[in-house]
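input.cif follows (mmCIF, C-alpha atoms):
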```cif
data_target
loop_
_atom_site.label_atom_id
_atom_site.label_comp_id
_atom_site.auth_asym_id
_atom_site.auth_seq_id
_atom_site.Cartn_x
_atom_site.Cartn_y
_atom_site.Cartn_z
CA MET K 1 -19.67 -3.64 -42.80
CA SER K 2 -20.42 -5.77 -45.87
CA ASP K 3 -22.78 -8.75 -45.73
CA GLU K 4 -19.86 -11.03 -46.65
CA LEU K 5 -17.72 -9.81 -43.77
CA GLN K 6 -20.57 -10.04 -41.28
CA LYS K 7 -21.37 -13.62 -42.36
CA THR K 8 -17.72 -14.66 -42.21
CA ILE K 9 -17.27 -13.14 -38.75
CA THR K 10 -20.33 -15.03 -37.48
CA GLN K 11 -19.08 -18.33 -38.93
CA LEU K 12 -15.55 -17.86 -37.61
CA VAL K 13 -16.77 -17.18 -34.08
CA ASP K 14 -19.04 -20.23 -34.36
CA VAL K 15 -16.12 -22.47 -35.42
CA CYS K 16 -13.98 -21.16 -32.55
CA HIS K 17 -16.72 -22.05 -30.09
CA ARG K 18 -17.14 -25.49 -31.71
CA ILE K 19 -13.47 -26.46 -31.41
CA TYR K 20 -13.46 -25.35 -27.77
CA ASP K 21 -16.71 -27.13 -26.92
CA ARG K 22 -15.44 -30.34 -28.53
CA GLY K 23 -12.25 -30.21 -26.47
CA TYR K 24 -10.04 -29.68 -29.51
CA VAL K 25 -8.34 -26.74 -27.75
CA THR K 26 -7.90 -25.56 -24.19
CA ALA K 27 -6.96 -22.23 -22.58
CA THR K 28 -5.81 -19.93 -25.42
CA ASP K 29 -4.65 -22.67 -27.80
CA GLY K 30 -5.51 -22.91 -31.49
CA ASN K 31 -6.29 -20.42 -34.24
CA VAL K 32 -8.79 -20.04 -37.05
CA SER K 33 -8.82 -17.87 -40.16
CA ALA K 34 -10.83 -17.22 -43.33
CA ARG K 35 -9.91 -15.61 -46.63
CA LEU K 36 -12.20 -12.78 -47.74
CA SER K 37 -13.13 -12.13 -51.37
CA ASN K 38 -10.73 -9.15 -51.51
CA GLY K 39 -7.81 -11.39 -50.52
CA ASN K 40 -7.47 -10.16 -46.95
CA ILE K 41 -7.57 -12.61 -44.03
CA LEU K 42 -9.96 -12.56 -41.08
CA ALA K 43 -8.29 -14.30 -38.13
CA THR K 44 -8.34 -14.97 -34.42
CA PRO K 45 -5.98 -12.90 -32.28
CA THR K 46 -3.30 -14.23 -30.00
CA ALA K 47 -3.96 -15.15 -26.35
CA VAL K 48 -7.77 -15.41 -26.46
CA ASN K 49 -9.74 -18.48 -25.36
CA LYS K 50 -11.57 -19.85 -28.41
CA GLY K 51 -14.65 -20.59 -26.36
CA MET K 52 -14.86 -16.91 -25.43
CA VAL K 53 -13.97 -15.33 -28.78
CA SER K 54 -16.32 -12.57 -29.90
CA ALA K 55 -16.61 -10.57 -33.11
CA ASP K 56 -14.79 -7.64 -31.48
CA ASP K 57 -11.72 -9.82 -30.84
CA LEU K 58 -11.08 -10.69 -34.49
CA VAL K 59 -8.48 -9.03 -36.68
CA ILE K 60 -8.04 -8.53 -40.42
CA VAL K 61 -4.63 -8.74 -42.06
CA ASP K 62 -3.46 -8.42 -45.65
CA PRO K 63 -1.95 -11.42 -47.52
CA SER K 64 1.48 -10.51 -46.10
CA GLY K 65 0.23 -10.47 -42.52
CA ASN K 66 0.11 -6.71 -41.97
CA LEU K 67 -2.63 -5.68 -39.54
CA LEU K 68 -5.45 -3.77 -41.25
CA SER K 69 -8.19 -3.87 -38.64
CA GLY K 70 -8.64 -4.95 -35.03
CA LEU K 71 -7.49 -3.99 -31.55
CA ARG K 72 -5.48 -7.14 -30.81
CA ARG K 73 -2.38 -8.79 -32.22
CA PRO K 74 -2.93 -11.57 -34.79
CA SER K 75 -2.24 -15.18 -33.79
CA THR K 76 1.42 -16.08 -33.58
CA GLU K 77 0.69 -19.02 -35.91
CA LEU K 78 -0.58 -16.74 -38.69
CA GLN K 79 2.45 -17.52 -40.88
CA MET K 80 1.22 -21.09 -41.29
CA HIS K 81 -2.21 -19.90 -42.39
CA LEU K 82 -0.81 -17.37 -44.87
CA TYR K 83 1.46 -19.99 -46.41
CA ILE K 84 -1.46 -22.38 -46.96
CA TYR K 85 -3.46 -19.60 -48.62
CA GLN K 86 -0.50 -18.74 -50.86
CA GLN K 87 -0.02 -22.34 -51.99
CA ARG K 88 -3.70 -23.28 -52.31
CA PRO K 89 -5.71 -20.52 -54.06
CA GLU K 90 -8.95 -22.48 -53.65
CA VAL K 91 -8.62 -22.66 -49.85
CA ARG K 92 -10.87 -20.19 -48.02
CA ALA K 93 -10.39 -21.23 -44.38
CA VAL K 94 -7.79 -22.78 -42.06
CA VAL K 95 -8.25 -24.38 -38.63
CA HIS K 96 -5.37 -25.24 -36.29
CA ALA K 97 -6.19 -27.13 -33.09
CA HIS K 98 -4.96 -29.78 -30.64
CA PRO K 99 -7.66 -32.51 -30.70
CA PRO K 100 -6.52 -35.13 -28.14
CA TYR K 101 -6.42 -38.33 -30.21
CA ALA K 102 -5.00 -36.73 -33.34
CA THR K 103 -2.45 -34.86 -31.24
CA GLY K 104 -1.63 -38.11 -29.48
CA PHE K 105 -0.67 -39.63 -32.81
CA ALA K 106 1.23 -36.46 -33.72
CA THR K 107 3.12 -36.60 -30.42
CA ALA K 108 3.91 -40.29 -30.93
CA ARG K 109 4.94 -39.21 -34.46
CA ILE K 110 2.66 -41.72 -36.13
CA PRO K 111 0.93 -40.56 -39.34
CA LEU K 112 -2.64 -41.64 -40.05
CA ASN K 113 -1.76 -42.93 -43.49
CA GLU K 114 -3.26 -46.42 -43.65
CA CYS K 115 -6.32 -47.14 -45.81
CA LEU K 116 -8.80 -47.68 -42.98
CA PHE K 117 -12.01 -45.66 -43.38
CA PRO K 118 -13.76 -45.16 -46.74
CA GLU K 119 -15.08 -41.73 -45.68
CA VAL K 120 -11.59 -40.54 -44.71
CA ILE K 121 -9.96 -41.99 -47.83
CA VAL K 122 -12.48 -40.22 -50.08
CA GLY K 123 -12.71 -37.00 -48.07
CA LEU K 124 -9.14 -36.49 -46.86
CA GLY K 125 -6.85 -39.17 -48.24
CA ALA K 126 -3.91 -40.16 -46.08
CA ILE K 127 -3.15 -37.77 -43.22
CA PRO K 128 0.61 -37.16 -43.27
CA LEU K 129 2.88 -36.13 -40.43
CA ALA K 130 4.99 -32.98 -40.68
CA GLU K 131 8.43 -32.96 -39.07
CA TYR K 132 8.68 -31.26 -35.69
CA ALA K 133 8.94 -27.46 -35.86
CA THR K 134 9.10 -24.88 -33.10
CA PRO K 135 5.62 -23.30 -32.84
CA SER K 136 5.19 -19.68 -33.94
CA THR K 137 8.33 -19.75 -36.10
CA THR K 138 9.07 -20.07 -39.82
CA GLU K 139 10.08 -23.67 -39.06
CA VAL K 140 6.37 -24.54 -39.08
CA VAL K 141 5.99 -23.32 -42.65
CA GLU K 142 9.08 -25.25 -43.69
CA SER K 143 7.76 -28.43 -42.07
CA ILE K 144 4.38 -28.38 -43.84
CA ALA K 145 5.65 -27.08 -47.21
CA PRO K 146 6.11 -30.53 -48.84
CA LEU K 147 2.65 -31.66 -47.69
CA VAL K 148 0.34 -28.71 -48.35
CA PRO K 149 -0.15 -29.22 -52.13
CA ASN K 150 -1.78 -32.67 -51.83
CA ALA K 151 -3.08 -32.87 -48.26
CA ASP K 152 -6.10 -31.18 -46.67
CA ALA K 153 -5.20 -32.30 -43.14
CA ILE K 154 -1.73 -32.50 -41.60
CA LEU K 155 -0.54 -33.78 -38.23
CA LEU K 156 2.06 -31.46 -36.71
CA SER K 157 4.65 -33.42 -34.70
CA ASN K 158 4.21 -32.74 -30.97
CA HIS K 159 1.98 -29.81 -31.83
CA GLY K 160 -1.49 -30.74 -33.05
CA ALA K 161 -3.11 -30.62 -36.46
CA VAL K 162 -4.12 -28.22 -39.21
CA THR K 163 -6.98 -28.60 -41.69
CA TYR K 164 -8.17 -26.33 -44.49
CA GLY K 165 -11.00 -26.20 -46.97
CA SER K 166 -13.44 -24.32 -49.19
CA ASP K 167 -15.03 -22.48 -46.26
CA LEU K 168 -14.96 -22.36 -42.48
CA LEU K 169 -17.33 -25.26 -41.93
CA ASP K 170 -15.48 -27.41 -44.46
CA ALA K 171 -12.17 -26.77 -42.67
CA TYR K 172 -13.81 -27.46 -39.30
CA PHE K 173 -15.51 -30.68 -40.46
CA LYS K 174 -12.14 -31.93 -41.72
CA MET K 175 -10.72 -31.39 -38.24
CA GLU K 176 -13.69 -33.26 -36.80
CA LYS K 177 -13.20 -36.13 -39.27
CA LEU K 178 -9.47 -36.24 -38.51
CA GLU K 179 -10.07 -36.52 -34.77
CA HIS K 180 -12.76 -39.18 -35.27
CA ALA K 181 -10.39 -41.23 -37.45
CA ALA K 182 -7.62 -40.93 -34.85
CA HIS K 183 -9.98 -42.00 -32.06
CA ILE K 184 -11.21 -45.05 -33.99
CA THR K 185 -7.65 -46.03 -34.93
CA PHE K 186 -6.64 -45.78 -31.27
CA VAL K 187 -9.49 -48.06 -30.19
CA ALA K 188 -8.75 -50.52 -33.03
CA ARG K 189 -5.17 -50.82 -31.78
CA LEU K 190 -6.41 -51.58 -28.30
CA LEU K 191 -8.52 -54.35 -29.83
CA GLY K 192 -5.56 -56.01 -31.49
CA GLY K 193 -4.77 -53.78 -34.44
CA GLU K 194 -6.47 -52.09 -37.37
CA LYS K 195 -6.98 -53.94 -40.68
CA PRO K 196 -6.36 -51.70 -43.71
CA LEU K 197 -8.39 -52.09 -46.89
CA THR K 198 -6.79 -54.11 -49.68
CA GLU K 199 -5.90 -52.83 -53.16
CA GLU K 200 -8.96 -54.61 -54.52
CA GLN K 201 -11.24 -52.96 -51.95
CA LEU K 202 -9.66 -49.57 -52.69
CA GLU K 203 -10.31 -49.99 -56.41
CA LYS K 204 -13.98 -50.72 -55.73
CA LEU K 205 -14.15 -47.67 -53.48
CA ARG K 206 -12.51 -45.52 -56.17
CA LYS K 207 -15.07 -46.66 -58.72
CA ILE K 208 -18.05 -46.04 -56.42
CA SER K 209 -16.66 -42.66 -55.37
CA GLY K 210 -16.40 -41.53 -58.98
CA GLU K 211 -19.72 -42.92 -60.16
CA SER K 212 -21.90 -41.99 -57.18
CA TYR K 213 -20.29 -38.85 -55.79
CA GLY K 214 -18.14 -37.51 -58.61
CA LYS K 215 -15.10 -37.57 -56.34
CA ASP K 216 -11.67 -38.70 -57.45
CA PHE K 217 -9.30 -39.09 -54.52
CA GLY K 218 -6.35 -39.89 -56.79
CA GLU K 219 -4.81 -36.45 -56.30
CA LYS K 220 -4.78 -36.74 -52.51
CA VAL K 221 -1.91 -38.23 -50.53
CA ALA K 222 -2.24 -41.98 -51.14
CA CYS K 223 -2.97 -44.14 -48.13
CA ILE K 224 -1.15 -47.42 -47.49
CA PRO K 225 -3.28 -50.51 -48.26
CA SER K 226 -3.06 -53.87 -46.54
CA ARG K 227 -0.23 -56.10 -47.71
CA ASP K 228 -2.30 -59.12 -46.71
CA GLN K 229 -4.77 -59.84 -49.50
CA GLY K 230 -6.25 -62.79 -47.64
CA THR K 231 -9.47 -62.77 -45.63
CA THR K 232 -8.38 -64.80 -42.60
CA GLU K 233 -9.44 -63.09 -39.39
CA ARG K 234 -8.89 -63.94 -35.76
CA LEU K 235 -12.09 -64.96 -33.93
CA TYR K 236 -12.31 -64.04 -30.24
CA THR K 237 -14.13 -65.99 -27.57
CA THR K 238 -16.82 -64.28 -25.47
CA ASP K 239 -14.49 -64.15 -22.44
CA GLU K 240 -11.71 -62.60 -24.56
CA LEU K 241 -14.08 -59.95 -25.92
CA ARG K 242 -15.28 -59.09 -22.41
CA ALA K 243 -11.68 -58.74 -21.24
CA ILE K 244 -10.83 -56.48 -24.19
CA VAL K 245 -13.85 -54.25 -23.58
CA ARG K 246 -12.96 -53.94 -19.88
CA GLU K 247 -9.39 -52.98 -20.79
CA VAL K 248 -10.56 -50.34 -23.27
CA ILE K 249 -12.95 -48.80 -20.74
CA GLU K 250 -10.29 -48.76 -18.04
CA ARG K 251 -7.76 -47.07 -20.34
CA LEU K 252 -10.24 -44.45 -21.51
CA GLU K 253 -11.20 -43.62 -17.91
CA ARG K 254 -7.64 -43.13 -16.72
#
```

Re-express the file's structure as structure tokens.
Amino acid sequence: MSDELQKTITQLVDVCHRIYDRGYVTATDGNVSARLSNGNILATPTAVNKGMVSADDLVIVDPSGNLLSGLRRPSTELQMHLYIYQQRPEVRAVVHAHPPYATGFATARIPLNECLFPEVIVGLGAIPLAEYATPSTTEVVESIAPLVPNADAILLSNHGAVTYGSDLLDAYFKMEKLEHAAHITFVARLLGGEKPLTEEQLEKLRKISGESYGKDFGEKVACIPSRDQGTTERLYTTDELRAIVREVIERLER
């Protein structure tokens, strides 16, 4: 076994355990894959709990999905992974999971496309919503096809989310960032509604991003800025804030 393959196997198992430990998947849900330097794909098999995945469970397929190595069947969602690799040559890893808050938005069919968090705007751009597609069918590929070229994270209607990146940790961290953004947006709506950044604030962010980090998020799916360019904000009384906090806690504990 080559050093590259051994390293990739170790990282893929680690990412599987991470998404299970974080509650991004349950039972045998989710799938993870990585593209090897020879073009073949290392992937999770079908019907295996991601928290219990071991190196012996993994499979290797060619770019067309034909099994090359492994004792199990590849994930039934492999078509989605292969399509992303075909369309994005720079992508080296794909993670599909069902993180609760992000999947909640996907099930409500609400994209996370407002300009809310500088880190998400710079790192992911807007997070679009793919039309509903029956899992494990070619419909999934058809649903994400318009979005893959310019998005690194996609909500799958009533199904979960998929993220992809330069390596396994990059793809995983994008899933983590997506779920964090969905959670914060959910809480903001409980507190009266999120307040998107304005065009002026976005322009400042774009300038800082380019000068300080060398990142240009202009090629990503554009988020929707606030239409209200004013600065008027509602001020809550202490009693109102206490009531809001109680309501949030009660809803989260249900």

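For the atom pair formed by CA of Val122 in chain K and CA of Leu205 in chain K, the distance is 8.4 Å, given to one decimal.
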
Give me, as a list in words, all polymer residues having an atom no more than 9 Å from Val162 in chain K, counting only C-alpha atoms and skipping those fewer than 4 positions away in the same chain. Val94, Val95, His96, Ala97, His98, Asp152, Ala153, Ile154, Leu155, Leu156, Ala171 and Met175 of chain K

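What the PyMOL selection byres ((chain K and resi 21-23) around 10) matches in the given file is Val15, Cys16, His17, Arg18, Ile19, Tyr20, Tyr24, Val25, Thr26, Lys50, Gly51, Ala97, His98, Pro99, Pro100 and Glu176 of chain K.
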
Excluding Ala133 in chain K and residues on its chain fewer than 2 positions from it, collect all residues at most 12 Å away from it, counting all atoms listed in the file, and give them as a list in words. Glu77, Met80, Leu129, Ala130, Glu131, Pro135, Ser136, Thr137, Thr138, Glu139, Val140, Val141, Glu142, Ser143, Ile144, Ala145, Leu155, Leu156, Ser157, Asn158, His159 and Gly160 of chain K

The residues within 7 Å of (-8.7, -51.4, -42.3), using all atoms listed in the file and the coordinates of the file, should be reported as an MDAnalysis selection string; which are they? chainID K and resid 115:117 194:197

C-alpha atoms of the current selection, written as an mmCIF file, in the coordinates of the input:
```
data_model
loop_
_atom_site.group_PDB
_atom_site.id
_atom_site.type_symbol
_atom_site.label_atom_id
_atom_site.label_comp_id
_atom_site.auth_asym_id
_atom_site.auth_seq_id
_atom_site.Cartn_x
_atom_site.Cartn_y
_atom_site.Cartn_z
ATOM 1 C CA CYS K 115 -6.320 -47.140 -45.810
ATOM 2 C CA LEU K 116 -8.800 -47.680 -42.980
ATOM 3 C CA PHE K 117 -12.010 -45.660 -43.380
ATOM 4 C CA GLU K 194 -6.470 -52.090 -37.370
ATOM 5 C CA LYS K 195 -6.980 -53.940 -40.680
ATOM 6 C CA PRO K 196 -6.360 -51.700 -43.710
ATOM 7 C CA LEU K 197 -8.390 -52.090 -46.890
#
```
